[in-house]
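The structure under discussion appears below in the form of structure tokens.
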Protein chains: 2
Amino acid sequence: MNPPLSPSQIPKGFTFAAVHSGIKRSRLDLGILISEAPASAAAVFTTNRVVAAPVIASREHLKESAGKMRGLIVNSGNANCCTRADGYPASIATTRRLASEIGGADSSQFLVCSTGVIGAPLRVEKILDAIPQLARTRSSEPGAFEEFARSIMTTDTRPKWTAERCRIAGRQVRIVGCAKGSGMIEPNLATMLAFFATDAAISPGLLSGALRAAAAPTFNSITVDGDTSTNDTVAVIANGQSGARRVANTKSADYRSFSAALTRACQSLALAIVEDGEGAQRVIEIEVRGASSDRSADRIARTIANSPLVKTAFAGADPNWGRILAAGGRAGVPFDPQRTAITIGGIVVCRRGREYPFNERAAHKKMLAKYVPIVVDLRSGHGVARIWTCDLTGEYVHINASYRT
Amino acid sequence: MNPPLSPSQIPKGFTFAAVHSGIKRSRLDLGILISEAPASAAAVFTTNRVVAAPVIASREHLKESAGKMRGLIVNSGNANCCTRADGYPASIATTRRLASEIGGADSSQFLVCSTGVIGAPLRVEKILDAIPQLARTRSSEPGAFEEFARSIMTTDTRPKWTAERCRIAGRQVRIVGCAKGSGMIEPNLATMLAFFATDAAISPGLLSGALRAAAAPTFNSITVDGDTSTNDTVAVIANGQSGARRVANTKSADYRSFSAALTRACQSLALAIVEDGEGAQRVIEIEVRGASSDRSADRIARTIANSPLVKTAFAGADPNWGRILAAGGRAGVPFDPQRTAITIGGIVVCRRGREYPFNERAAHKKMLAKYVPIVVDLRSGHGVARIWTCDLTGEYVHINASYRT
């Protein structure tokens with residue numbers, strides 16, 4: 001899933017480092033991703049009303065310095081959320097120390113992210129003490145990026161990274177990205193974090209548009225348990241060091257090429273997150289088509305993807321189309337069940353809202369695969385949506401029910 | 001939980017019967033609740049877009065005969081849903097046979113309900129063949145009502161019934177009720193069914209208003225897994241045989257008295273359903289107060305009550321208030337987390353949006369109880385809501401993931 005990266009895949013002008021600062025017992029828990037030159041940056045953050053301090057700090061920094069960012073710092077093991085009086089100063093102190101150690105930079109040129117248990121005080125001095133070592137050991141080697149990817153993990157069972165390329169007017173542009181989720185934190189909250197570095201030359205505004213467009217059908221179309229964390233962050237930093245010409249506007253071929261590569265990178269990591277969903281045995285792709293609008297299709301697909309009854313049926317590889325249809329029916333979107341057709345792994349199991357004779361054993365076998373595509377065709381319009389989810393297993397409950405102390 | 005009923009608790013003029021018709025392997029699977037005289041009736045049905053045939057038939061019958069209903073018939077083991085061409089005629093044939101066996105009645109004077117696996121053809125001849133025996137053996141004995149309560153069970157671990165009384169102008173009025181849910185069906189869909197018989201004299205319109213008002217804070221405020229079935233039905237039949245004067249209007253003391261008794265009966269059965277939730281170890285009461293409106297409070301309470309992260313923490317008796325606050329934060333309702341206070345079993349665990357020092361061991365112990373009250377106080381208005389849910393355990397997954405064949 002994560003083939004080793006080669007030096008040629010790393011975007012030019014970036015360095016990375018990771019360290020064990022002592023927030024977690026023994027694993028890497030602090031990492032940096034640095035552009036050696038000022039860079040464009042864009043990010044999308046959690047929509048939860050409860051927002052962690054680092055998200056507040058990062059939003060401010062992005063506003064102040066989106067066109068001249070220098071990188072980001074991430075700790076795992078503590079979300080620095082619901083730690084109000086101390087939380088925000090801790091995030092600011094972190095970016096200040098990083099700026100002074102990197103040199104020639106201001107604290108507002110760095111994003112700061114945290115993931116881990118919420119409500120527990122963050123021992124920020126451990127982070128501050130570890131920053132000099134991070135700055136000193138940073139490197140553009142693929143191994144350094146892989147360590148960075150490891151340092152943001154919580155209960156992820158494996159690191160997740162990806163690399164993409166595109167050509168802009170004959171010059172090669174690189175993107176690397178890594179993500180964490182949907183592991184729980186000690187166990188507490190599923191935070192999704194994803195970071196991309198690219199040597200494309202692009203303005204913060206265009207970069208933000210490309211990131212939003214890329215996140216919608218990827219990170220915003222996956223669900224493990226329907227819970228949105230207080231710390232979710234997807235960020236991209238573009239430093240222009242590829243030497244490729246600057247992306248001009250959203251209509252240009254350059255933008256389309258870059259945007260497509262960024263979307264592929266997001267897609268790869270989004271699926272890796274679902275695959276590594278807590279207790280998950282398989283990824284289920286829910287495609288709803290024939291809806292009255294894309295929005296209706298999306299609501300129905302999400303309701304199906306989050307239904308505990310549907311997700312437990314997936315755990316049992318049970319081709320239980322009745323649960324799928326009934327979950328769709330409670331999405332609050334009008335449709336005619338009597339026109340609806342459902343296929344599971346390519347096998348038609350329901351047509352015109354009633355059972356279509358199928359081989360249960362064959363369908364069961366299809367559902368034992370690592371990747372199961374489900375199509376729900378409402379046959380009453382042109383609206384389409386795709387959502388990726390995973391099955392709900394006893395292991396998920398086990399991971400999340402264990403008493404913390 | 002279900003104390004045996006005494007004959008004096010059974011409303012006058014009602015009879016009950018149950019039988020094993022052969023839809024289920026060996027247990028009671030068909031029951032009737034009959035008023036010996038024409039009666040007022042009211043019902044609320046599923047809001048799912050996918051609606052079972054008996055729900056369609058019952059809605060029609062209620063429209064035609066709400067003031068002169070004679071009773072209802074319920075089968076378990078098959079939901080008669082997504083069985084389109086054959087489903088509706090099967091429901092109609094059932095009420096026809098019942099009408100002819102009861103005598104002096106029309107088919108439209110009966111409601112018909114089904115619960116069980118969906119999408120499987122209903123062998124209606126088994127039902128039709130069993131109806132004569134049902135009609136013949138019907139009785140006003142408490143034991144007959146208890147058997148009726150058993151006949152509507154699917155994977156419920158126990159029958160659920162309740163009895164209430166109220167006084168109307170010095171005369172006693174009785175209500176008995178029974179419910180099933182949220183068991184799965186072979187396993188397929190959690191259907192919630194609840195039926196009430198009362199000897200109050202009340203018009204169908206007033207009865208409908210009283211039922212709707214009683215269902216909102218009870219049956220509509222519980223959740224086991226957020227899934228709404230295709231067959232959910234709550235019905236009440238009032239035959240006036242108590243001899244108490246007719247309830248005049250919604251402003252009268254009689255209406256308030258009756259309405260309060262009906263609400264208590266609904267409350268008792270609603271909690272019994274959550275208690276018997278699949279795999280549930282405990283009932284959690286989520287009270288949200290201090291919201292900008294009751295509606296906002298309701299949305300936040302429901303989001304918390306359906307969060308898999310919150311429900312698994314309950315399974316582990318983990319006083320994980322961070323998950324509660326974060327679930328509230330994604331309800332799509334504005335509030336200020338920094339004003340929010342949370343108590344678990346009376347212990348303050350969060351104040352002003354951050355941890356309030358508490359004894360983890362004591363809170364853990366409180367959460368091991370059968371009934372755990374949680375209060376989330378947003379401190380920014382007067383909106384209040386209460387939702388009852390249960391914990392999400394490995395047993396829930398086990399019940400619902402087992403492959404059907």
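Order determines the names: the first chain of the structure tokens is A, the second B, and so forth; residues in each chain are numbered 1 upward, and ligands are numbered 1 upward as they are shown.
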Pose of chain A fitted onto chain B, C-alpha LSQ, given as a CSV table (one decimal) with C-alpha atoms, in the first residue's frame:
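What landed in out_29.csv:
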```
chain,number,residue,atom,x,y,z
A,1,MET,CA,-40.1,-5.1,34.7
A,2,ASN,CA,-43.3,-6.8,33.6
A,3,PRO,CA,-45.3,-7.5,36.7
A,4,PRO,CA,-48.2,-9.9,36.0
A,5,LEU,CA,-51.4,-8.1,35.1
A,6,SER,CA,-54.5,-8.5,37.1
A,7,PRO,CA,-58.0,-8.8,35.5
A,8,SER,CA,-58.9,-5.4,36.9
A,9,GLN,CA,-56.1,-3.8,34.9
A,10,ILE,CA,-57.6,-5.0,31.5
A,11,PRO,CA,-59.8,-2.3,29.9
A,12,LYS,CA,-63.4,-3.4,29.5
A,13,GLY,CA,-64.6,-4.9,26.3
A,14,PHE,CA,-61.3,-6.0,24.8
A,15,THR,CA,-60.2,-9.5,24.0
A,16,PHE,CA,-56.8,-10.9,22.9
A,17,ALA,CA,-55.3,-14.0,21.4
A,18,ALA,CA,-52.1,-15.4,20.0
A,19,VAL,CA,-51.1,-18.4,18.0
A,20,HIS,CA,-48.1,-20.1,16.3
A,21,SER,CA,-49.1,-19.9,12.6
A,22,GLY,CA,-45.9,-21.3,11.2
A,23,ILE,CA,-44.2,-18.1,9.9
A,24,LYS,CA,-41.7,-18.5,12.7
A,25,ARG,CA,-40.3,-21.9,13.4
A,26,SER,CA,-41.8,-22.5,16.8
A,27,ARG,CA,-42.7,-19.4,18.7
A,28,LEU,CA,-46.0,-17.4,18.8
A,29,ASP,CA,-46.1,-15.3,15.6
A,30,LEU,CA,-49.6,-14.0,15.1
A,31,GLY,CA,-51.8,-12.1,17.5
A,32,ILE,CA,-55.0,-10.1,17.7
A,33,LEU,CA,-56.3,-7.3,19.9
A,34,ILE,CA,-60.1,-6.9,19.5
A,35,SER,CA,-62.6,-4.4,20.8
A,36,GLU,CA,-65.9,-6.2,21.1
A,37,ALA,CA,-67.7,-2.9,20.2
A,38,PRO,CA,-66.8,-0.3,17.6
A,39,ALA,CA,-64.0,2.0,18.9
A,40,SER,CA,-62.0,5.1,18.2
A,41,ALA,CA,-58.5,4.5,16.9
A,42,ALA,CA,-55.4,6.5,16.2
A,43,ALA,CA,-52.0,5.5,15.0
A,44,VAL,CA,-48.6,7.0,14.1
A,45,PHE,CA,-46.5,5.3,11.4
A,46,THR,CA,-42.9,5.1,10.2
A,47,THR,CA,-41.5,8.2,8.5
A,48,ASN,CA,-39.3,6.0,6.3
A,49,ARG,CA,-39.9,6.5,2.5
A,50,VAL,CA,-39.8,2.8,2.2
A,51,VAL,CA,-43.1,1.7,3.7
A,52,ALA,CA,-44.3,-1.9,4.2
A,53,ALA,CA,-47.6,-3.0,2.7
A,54,PRO,CA,-49.4,-3.4,6.1
A,55,VAL,CA,-48.6,0.2,6.9
A,56,ILE,CA,-50.2,1.3,3.6
A,57,ALA,CA,-53.3,-0.9,4.3
A,58,SER,CA,-53.6,0.3,8.0
A,59,ARG,CA,-53.4,4.0,6.9
A,60,GLU,CA,-56.2,3.5,4.5
A,61,HIS,CA,-58.4,1.6,7.0
A,62,LEU,CA,-57.8,4.3,9.6
A,63,LYS,CA,-59.0,6.9,7.2
A,64,GLU,CA,-62.1,5.0,6.3
A,65,SER,CA,-63.1,3.8,9.8
A,66,ALA,CA,-61.2,5.7,12.6
A,67,GLY,CA,-64.4,6.1,14.6
A,68,LYS,CA,-65.5,2.5,14.4
A,69,MET,CA,-62.4,0.3,14.5
A,70,ARG,CA,-62.7,-3.2,15.9
A,71,GLY,CA,-59.0,-4.0,16.5
A,72,LEU,CA,-55.8,-5.1,15.0
A,73,ILE,CA,-53.8,-8.2,13.9
A,74,VAL,CA,-50.0,-8.5,14.0
A,75,ASN,CA,-47.7,-11.1,12.6
A,76,SER,CA,-44.0,-11.4,13.5
A,77,GLY,CA,-41.3,-13.2,11.5
A,78,ASN,CA,-42.0,-11.4,8.2
A,79,ALA,CA,-42.3,-7.7,7.6
A,80,ASN,CA,-44.3,-8.0,4.4
A,81,CYS,CA,-42.1,-5.2,3.0
A,82,CYS,CA,-40.6,-4.9,-0.5
A,83,THR,CA,-43.0,-7.7,-1.5
A,84,ARG,CA,-44.9,-5.3,-3.7
A,85,ALA,CA,-47.1,-7.2,-6.0
A,86,ASP,CA,-48.2,-9.7,-3.3
A,87,GLY,CA,-47.7,-7.6,-0.2
A,88,TYR,CA,-50.7,-5.3,-0.2
A,89,PRO,CA,-53.2,-8.0,-1.2
A,90,ALA,CA,-51.8,-10.2,1.6
A,91,SER,CA,-52.5,-7.5,4.2
A,92,ILE,CA,-56.0,-6.9,2.8
A,93,ALA,CA,-56.8,-10.6,2.7
A,94,THR,CA,-55.7,-10.8,6.4
A,95,THR,CA,-58.1,-8.1,7.5
A,96,ARG,CA,-60.9,-9.6,5.4
A,97,ARG,CA,-60.5,-13.1,7.0
A,98,LEU,CA,-60.3,-11.5,10.5
A,99,ALA,CA,-63.5,-9.5,9.8
A,100,SER,CA,-65.4,-12.5,8.7
A,101,GLU,CA,-64.2,-14.6,11.7
A,102,ILE,CA,-65.0,-11.9,14.2
A,103,GLY,CA,-68.4,-11.3,12.7
A,104,GLY,CA,-70.4,-8.2,12.2
A,105,ALA,CA,-67.3,-6.3,11.1
A,106,ASP,CA,-65.8,-4.9,7.9
A,107,SER,CA,-62.2,-5.5,6.9
A,108,SER,CA,-61.5,-1.7,7.0
A,109,GLN,CA,-62.3,-1.8,10.8
A,110,PHE,CA,-58.9,-3.6,11.5
A,111,LEU,CA,-55.4,-2.4,11.4
A,112,VAL,CA,-52.8,-4.9,10.2
A,113,CYS,CA,-49.1,-4.9,11.2
A,114,SER,CA,-46.1,-7.1,10.3
A,115,THR,CA,-42.6,-7.2,11.6
A,116,GLY,CA,-39.7,-9.5,10.6
A,117,VAL,CA,-37.4,-10.0,7.6
A,118,ILE,CA,-38.0,-7.7,4.7
A,119,GLY,CA,-38.0,-8.7,1.0
A,120,ALA,CA,-39.0,-12.3,1.7
A,121,PRO,CA,-42.4,-13.4,0.4
A,122,LEU,CA,-45.1,-13.7,3.1
A,123,ARG,CA,-46.8,-17.0,3.2
A,124,VAL,CA,-50.1,-15.4,3.9
A,125,GLU,CA,-52.0,-18.7,3.7
A,126,LYS,CA,-50.5,-19.6,7.0
A,127,ILE,CA,-51.9,-16.4,8.6
A,128,LEU,CA,-55.3,-16.9,7.0
A,129,ASP,CA,-55.5,-20.5,8.2
A,130,ALA,CA,-54.7,-19.5,11.8
A,131,ILE,CA,-57.2,-16.7,12.0
A,132,PRO,CA,-60.2,-18.9,12.9
A,133,GLN,CA,-58.4,-20.3,15.9
A,134,LEU,CA,-57.4,-16.8,17.0
A,135,ALA,CA,-61.0,-15.5,16.8
A,136,ARG,CA,-62.3,-18.6,18.6
A,137,THR,CA,-59.8,-18.5,21.5
A,138,ARG,CA,-59.8,-14.8,22.1
A,139,SER,CA,-60.3,-13.8,25.7
A,140,SER,CA,-60.2,-10.8,28.1
A,141,GLU,CA,-57.9,-12.7,30.5
A,142,PRO,CA,-54.6,-11.0,31.4
A,143,GLY,CA,-52.9,-14.1,30.2
A,144,ALA,CA,-54.3,-13.6,26.7
A,145,PHE,CA,-52.9,-10.1,26.6
A,146,GLU,CA,-49.5,-11.3,27.8
A,147,GLU,CA,-49.6,-13.9,25.0
A,148,PHE,CA,-50.4,-11.2,22.5
A,149,ALA,CA,-47.4,-9.2,23.8
A,150,ARG,CA,-45.3,-12.3,23.2
A,151,SER,CA,-46.5,-13.0,19.7
A,152,ILE,CA,-45.2,-9.6,18.4
A,153,MET,CA,-41.6,-10.3,19.6
A,154,THR,CA,-38.8,-10.9,17.2
A,155,THR,CA,-35.3,-10.9,18.7
A,156,ASP,CA,-36.6,-9.1,21.8
A,157,THR,CA,-35.2,-10.9,24.8
A,158,ARG,CA,-38.5,-10.4,26.8
A,159,PRO,CA,-42.1,-9.2,26.3
A,160,LYS,CA,-42.8,-5.7,27.2
A,161,TRP,CA,-46.2,-4.5,28.6
A,162,THR,CA,-47.5,-1.8,30.8
A,163,ALA,CA,-50.8,-0.9,32.5
A,164,GLU,CA,-52.0,2.6,33.5
A,165,ARG,CA,-55.2,4.0,35.0
A,166,CYS,CA,-56.7,7.4,35.3
A,167,ARG,CA,-60.0,8.7,36.7
A,168,ILE,CA,-62.5,10.7,34.6
A,169,ALA,CA,-65.2,12.3,36.6
A,170,GLY,CA,-64.8,9.6,39.3
A,171,ARG,CA,-64.9,6.7,36.9
A,172,GLN,CA,-61.9,4.5,36.4
A,173,VAL,CA,-60.4,4.3,32.9
A,174,ARG,CA,-57.8,1.6,32.1
A,175,ILE,CA,-55.0,1.5,29.5
A,176,VAL,CA,-52.9,-1.5,28.7
A,177,GLY,CA,-50.1,-1.5,26.2
A,178,CYS,CA,-47.4,-3.7,24.8
A,179,ALA,CA,-44.4,-3.1,22.5
A,180,LYS,CA,-41.7,-4.8,20.6
A,181,GLY,CA,-38.2,-3.6,19.5
A,182,SER,CA,-35.5,-3.0,18.9
A,183,GLY,CA,-34.8,-6.5,18.1
A,184,MET,CA,-33.7,-7.5,14.6
A,185,ILE,CA,-35.5,-9.8,12.5
A,186,GLU,CA,-33.6,-13.0,11.5
A,187,PRO,CA,-31.7,-10.5,11.7
A,188,ASN,CA,-32.9,-7.8,9.5
A,189,LEU,CA,-34.6,-4.6,10.5
A,190,ALA,CA,-35.4,-3.1,13.9
A,191,THR,CA,-39.2,-2.6,13.9
A,192,MET,CA,-40.8,-0.8,16.7
A,193,LEU,CA,-44.4,-1.7,17.3
A,194,ALA,CA,-46.6,-0.6,20.2
A,195,PHE,CA,-50.3,-1.1,20.8
A,196,PHE,CA,-52.6,0.3,23.4
A,197,ALA,CA,-56.1,-0.6,24.4
A,198,THR,CA,-58.2,1.6,26.6
A,199,ASP,CA,-61.8,1.7,27.7
A,200,ALA,CA,-61.8,5.6,27.7
A,201,ALA,CA,-64.5,7.3,25.6
A,202,ILE,CA,-62.8,9.7,23.2
A,203,SER,CA,-63.2,10.8,19.6
A,204,PRO,CA,-60.7,9.6,17.0
A,205,GLY,CA,-59.5,13.2,16.6
A,206,LEU,CA,-58.8,13.8,20.3
A,207,LEU,CA,-57.3,10.3,20.6
A,208,SER,CA,-54.9,11.1,17.7
A,209,GLY,CA,-53.8,14.3,19.3
A,210,ALA,CA,-53.2,12.6,22.6
A,211,LEU,CA,-51.2,9.8,20.9
A,212,ARG,CA,-49.1,12.2,19.0
A,213,ALA,CA,-48.4,14.3,22.1
A,214,ALA,CA,-47.6,11.1,24.0
A,215,ALA,CA,-45.3,9.7,21.4
A,216,ALA,CA,-43.1,12.8,20.9
A,217,PRO,CA,-41.2,12.7,24.3
A,218,THR,CA,-41.3,8.9,24.5
A,219,PHE,CA,-41.2,6.7,21.4
A,220,ASN,CA,-39.8,9.5,19.2
A,221,SER,CA,-37.1,10.3,21.8
A,222,ILE,CA,-35.5,6.9,21.9
A,223,THR,CA,-32.8,5.5,19.7
A,224,VAL,CA,-30.9,2.3,19.6
A,225,ASP,CA,-29.0,2.7,16.3
A,226,GLY,CA,-30.6,5.6,14.5
A,227,ASP,CA,-32.3,3.4,12.0
A,228,THR,CA,-36.0,3.9,11.3
A,229,SER,CA,-37.8,0.8,10.2
A,230,THR,CA,-40.2,0.4,7.3
A,231,ASN,CA,-42.9,-0.9,9.6
A,232,ASP,CA,-42.9,1.2,12.8
A,233,THR,CA,-46.4,1.6,14.1
A,234,VAL,CA,-47.9,2.9,17.4
A,235,ALA,CA,-51.6,2.4,17.6
A,236,VAL,CA,-54.3,3.0,20.3
A,237,ILE,CA,-57.9,1.8,20.3
A,238,ALA,CA,-60.4,3.4,22.7
A,239,ASN,CA,-63.8,1.7,23.0
A,240,GLY,CA,-65.5,3.8,25.7
A,241,GLN,CA,-66.6,0.7,27.6
A,242,SER,CA,-65.4,2.1,31.0
A,243,GLY,CA,-68.6,4.0,31.4
A,244,ALA,CA,-66.7,7.2,32.1
A,245,ARG,CA,-68.0,10.2,30.3
A,246,ARG,CA,-66.7,11.1,26.9
A,247,VAL,CA,-63.5,13.3,26.9
A,248,ALA,CA,-64.8,16.6,25.7
A,249,ASN,CA,-61.9,18.6,24.3
A,250,THR,CA,-58.2,19.2,24.7
A,251,LYS,CA,-58.7,21.9,27.3
A,252,SER,CA,-60.7,19.6,29.7
A,253,ALA,CA,-59.3,18.1,32.9
A,254,ASP,CA,-60.5,14.7,31.5
A,255,TYR,CA,-58.3,15.1,28.4
A,256,ARG,CA,-55.3,16.1,30.6
A,257,SER,CA,-55.9,13.1,32.8
A,258,PHE,CA,-56.2,10.6,30.0
A,259,SER,CA,-53.3,12.2,28.1
A,260,ALA,CA,-51.0,12.0,31.1
A,261,ALA,CA,-51.9,8.3,31.6
A,262,LEU,CA,-51.3,7.5,27.9
A,263,THR,CA,-47.9,9.4,28.1
A,264,ARG,CA,-46.9,7.4,31.2
A,265,ALA,CA,-47.8,4.1,29.4
A,266,CYS,CA,-45.8,5.2,26.3
A,267,GLN,CA,-42.8,6.3,28.5
A,268,SER,CA,-42.8,3.0,30.2
A,269,LEU,CA,-42.7,1.0,27.0
A,270,ALA,CA,-40.2,3.3,25.2
A,271,LEU,CA,-37.7,2.8,28.0
A,272,ALA,CA,-38.3,-0.9,28.0
A,273,ILE,CA,-37.4,-0.9,24.3
A,274,VAL,CA,-34.1,0.9,24.9
A,275,GLU,CA,-33.4,-1.4,27.9
A,276,ASP,CA,-33.9,-4.3,25.6
A,277,GLY,CA,-31.9,-2.7,22.8
A,278,GLU,CA,-29.7,-5.2,21.0
A,279,GLY,CA,-26.7,-6.0,23.0
A,280,ALA,CA,-27.5,-3.1,25.4
A,281,GLN,CA,-26.1,-3.2,28.9
A,282,ARG,CA,-27.5,0.1,30.0
A,283,VAL,CA,-29.9,3.0,29.2
A,284,ILE,CA,-28.3,6.5,28.8
A,285,GLU,CA,-30.5,9.5,29.3
A,286,ILE,CA,-29.1,12.5,27.3
A,287,GLU,CA,-30.5,15.8,28.5
A,288,VAL,CA,-29.5,18.9,26.7
A,289,ARG,CA,-30.5,22.1,28.3
A,290,GLY,CA,-29.6,25.8,27.9
A,291,ALA,CA,-29.9,25.6,24.1
A,292,SER,CA,-31.2,28.4,22.0
A,293,SER,CA,-34.4,26.4,21.3
A,294,ASP,CA,-36.0,23.0,22.1
A,295,ARG,CA,-35.3,22.1,18.5
A,296,SER,CA,-31.6,22.9,18.8
A,297,ALA,CA,-31.4,20.9,22.0
A,298,ASP,CA,-33.1,18.0,20.3
A,299,ARG,CA,-30.7,18.0,17.4
A,300,ILE,CA,-27.7,18.1,19.7
A,301,ALA,CA,-29.1,15.4,22.0
A,302,ARG,CA,-29.9,13.1,19.1
A,303,THR,CA,-26.5,13.5,17.5
A,304,ILE,CA,-24.8,12.6,20.9
A,305,ALA,CA,-27.2,9.7,21.4
A,306,ASN,CA,-26.4,8.2,17.9
A,307,SER,CA,-22.6,8.8,18.0
A,308,PRO,CA,-20.8,5.4,17.8
A,309,LEU,CA,-17.9,6.9,19.7
A,310,VAL,CA,-20.2,8.1,22.5
A,311,LYS,CA,-22.1,4.8,22.6
A,312,THR,CA,-19.0,2.7,22.6
A,313,ALA,CA,-17.6,4.8,25.5
A,314,PHE,CA,-20.8,4.1,27.4
A,315,ALA,CA,-20.2,0.4,26.7
A,316,GLY,CA,-16.9,0.7,28.5
A,317,ALA,CA,-18.4,2.9,31.2
A,318,ASP,CA,-15.8,5.5,30.2
A,319,PRO,CA,-16.6,9.0,31.4
A,320,ASN,CA,-15.3,10.4,28.1
A,321,TRP,CA,-16.9,13.8,28.1
A,322,GLY,CA,-14.7,14.9,25.1
A,323,ARG,CA,-16.6,12.6,22.8
A,324,ILE,CA,-19.9,13.9,24.1
A,325,LEU,CA,-18.9,17.5,23.5
A,326,ALA,CA,-17.4,16.8,20.1
A,327,ALA,CA,-20.5,14.9,19.0
A,328,GLY,CA,-22.6,17.9,20.0
A,329,GLY,CA,-20.3,20.1,18.0
A,330,ARG,CA,-21.1,18.3,14.8
A,331,ALA,CA,-24.9,18.5,15.2
A,332,GLY,CA,-25.1,21.6,12.9
A,333,VAL,CA,-26.5,23.8,15.6
A,334,PRO,CA,-24.5,26.9,16.8
A,335,PHE,CA,-23.5,27.0,20.5
A,336,ASP,CA,-20.5,28.1,22.4
A,337,PRO,CA,-18.4,25.1,23.6
A,338,GLN,CA,-16.7,27.4,26.1
A,339,ARG,CA,-19.8,27.8,28.1
A,340,THR,CA,-20.8,24.2,28.1
A,341,ALA,CA,-21.0,22.1,31.3
A,342,ILE,CA,-21.4,18.3,31.3
A,343,THR,CA,-22.4,16.0,34.2
A,344,ILE,CA,-22.4,12.2,34.1
A,345,GLY,CA,-24.5,10.5,36.7
A,346,GLY,CA,-24.5,13.8,38.7
A,347,ILE,CA,-20.8,14.2,38.6
A,348,VAL,CA,-19.5,17.4,36.9
A,349,VAL,CA,-16.8,16.4,34.4
A,350,CYS,CA,-16.7,19.4,32.2
A,351,ARG,CA,-17.2,23.1,32.9
A,352,ARG,CA,-16.7,26.0,30.5
A,353,GLY,CA,-15.8,23.6,27.8
A,354,ARG,CA,-12.8,22.1,29.6
A,355,GLU,CA,-12.2,19.3,32.1
A,356,TYR,CA,-13.4,19.9,35.6
A,357,PRO,CA,-11.4,17.9,38.0
A,358,PHE,CA,-13.4,14.7,38.9
A,359,ASN,CA,-12.8,11.3,40.4
A,360,GLU,CA,-12.5,9.0,37.3
A,361,ARG,CA,-13.1,5.9,39.4
A,362,ALA,CA,-16.3,7.3,40.9
A,363,ALA,CA,-17.6,8.4,37.4
A,364,HIS,CA,-16.7,5.0,36.0
A,365,LYS,CA,-18.7,3.4,38.8
A,366,LYS,CA,-21.7,5.7,38.1
A,367,MET,CA,-21.6,4.6,34.5
A,368,LEU,CA,-21.7,0.9,35.3
A,369,ALA,CA,-25.4,1.4,36.5
A,370,LYS,CA,-28.3,0.2,34.4
A,371,TYR,CA,-29.5,3.9,34.0
A,372,VAL,CA,-27.0,6.7,33.4
A,373,PRO,CA,-28.2,10.3,33.2
A,374,ILE,CA,-26.0,12.7,31.3
A,375,VAL,CA,-26.7,16.5,31.3
A,376,VAL,CA,-25.2,18.8,28.7
A,377,ASP,CA,-25.8,22.4,29.7
A,378,LEU,CA,-25.0,24.8,26.9
A,379,ARG,CA,-25.8,27.8,29.1
A,380,SER,CA,-27.0,30.0,26.3
A,381,GLY,CA,-30.8,29.7,26.2
A,382,HIS,CA,-33.9,27.9,27.5
A,383,GLY,CA,-34.1,25.0,25.0
A,384,VAL,CA,-34.3,21.6,26.5
A,385,ALA,CA,-34.6,18.0,25.1
A,386,ARG,CA,-34.2,14.5,26.5
A,387,ILE,CA,-33.2,11.5,24.4
A,388,TRP,CA,-32.8,7.9,25.6
A,389,THR,CA,-30.2,5.7,24.1
A,390,CYS,CA,-28.2,2.5,24.9
A,391,ASP,CA,-24.6,1.6,24.7
A,392,LEU,CA,-23.1,0.0,21.6
A,393,THR,CA,-21.5,-3.3,22.5
A,394,GLY,CA,-19.7,-6.1,20.7
A,395,GLU,CA,-22.9,-8.1,21.2
A,396,TYR,CA,-24.8,-5.6,19.0
A,397,VAL,CA,-22.3,-6.2,16.2
A,398,HIS,CA,-22.5,-10.0,16.8
A,399,ILE,CA,-26.3,-10.0,16.5
A,400,ASN,CA,-26.4,-7.9,13.3
A,401,ALA,CA,-23.3,-9.2,11.5
A,402,SER,CA,-24.2,-12.9,11.6
A,403,TYR,CA,-24.8,-13.9,8.0
A,404,ARG,CA,-28.4,-14.8,7.5
A,405,THR,CA,-28.1,-18.2,5.9
```
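The strand (DSSP E or B) portion of segment 217-258 of chain A consists of Ile222, Thr223, Thr233, Val234, Ala235, Val236, Ile237 and Ala238 of chain A, with states taken from DSSP on the backbone.
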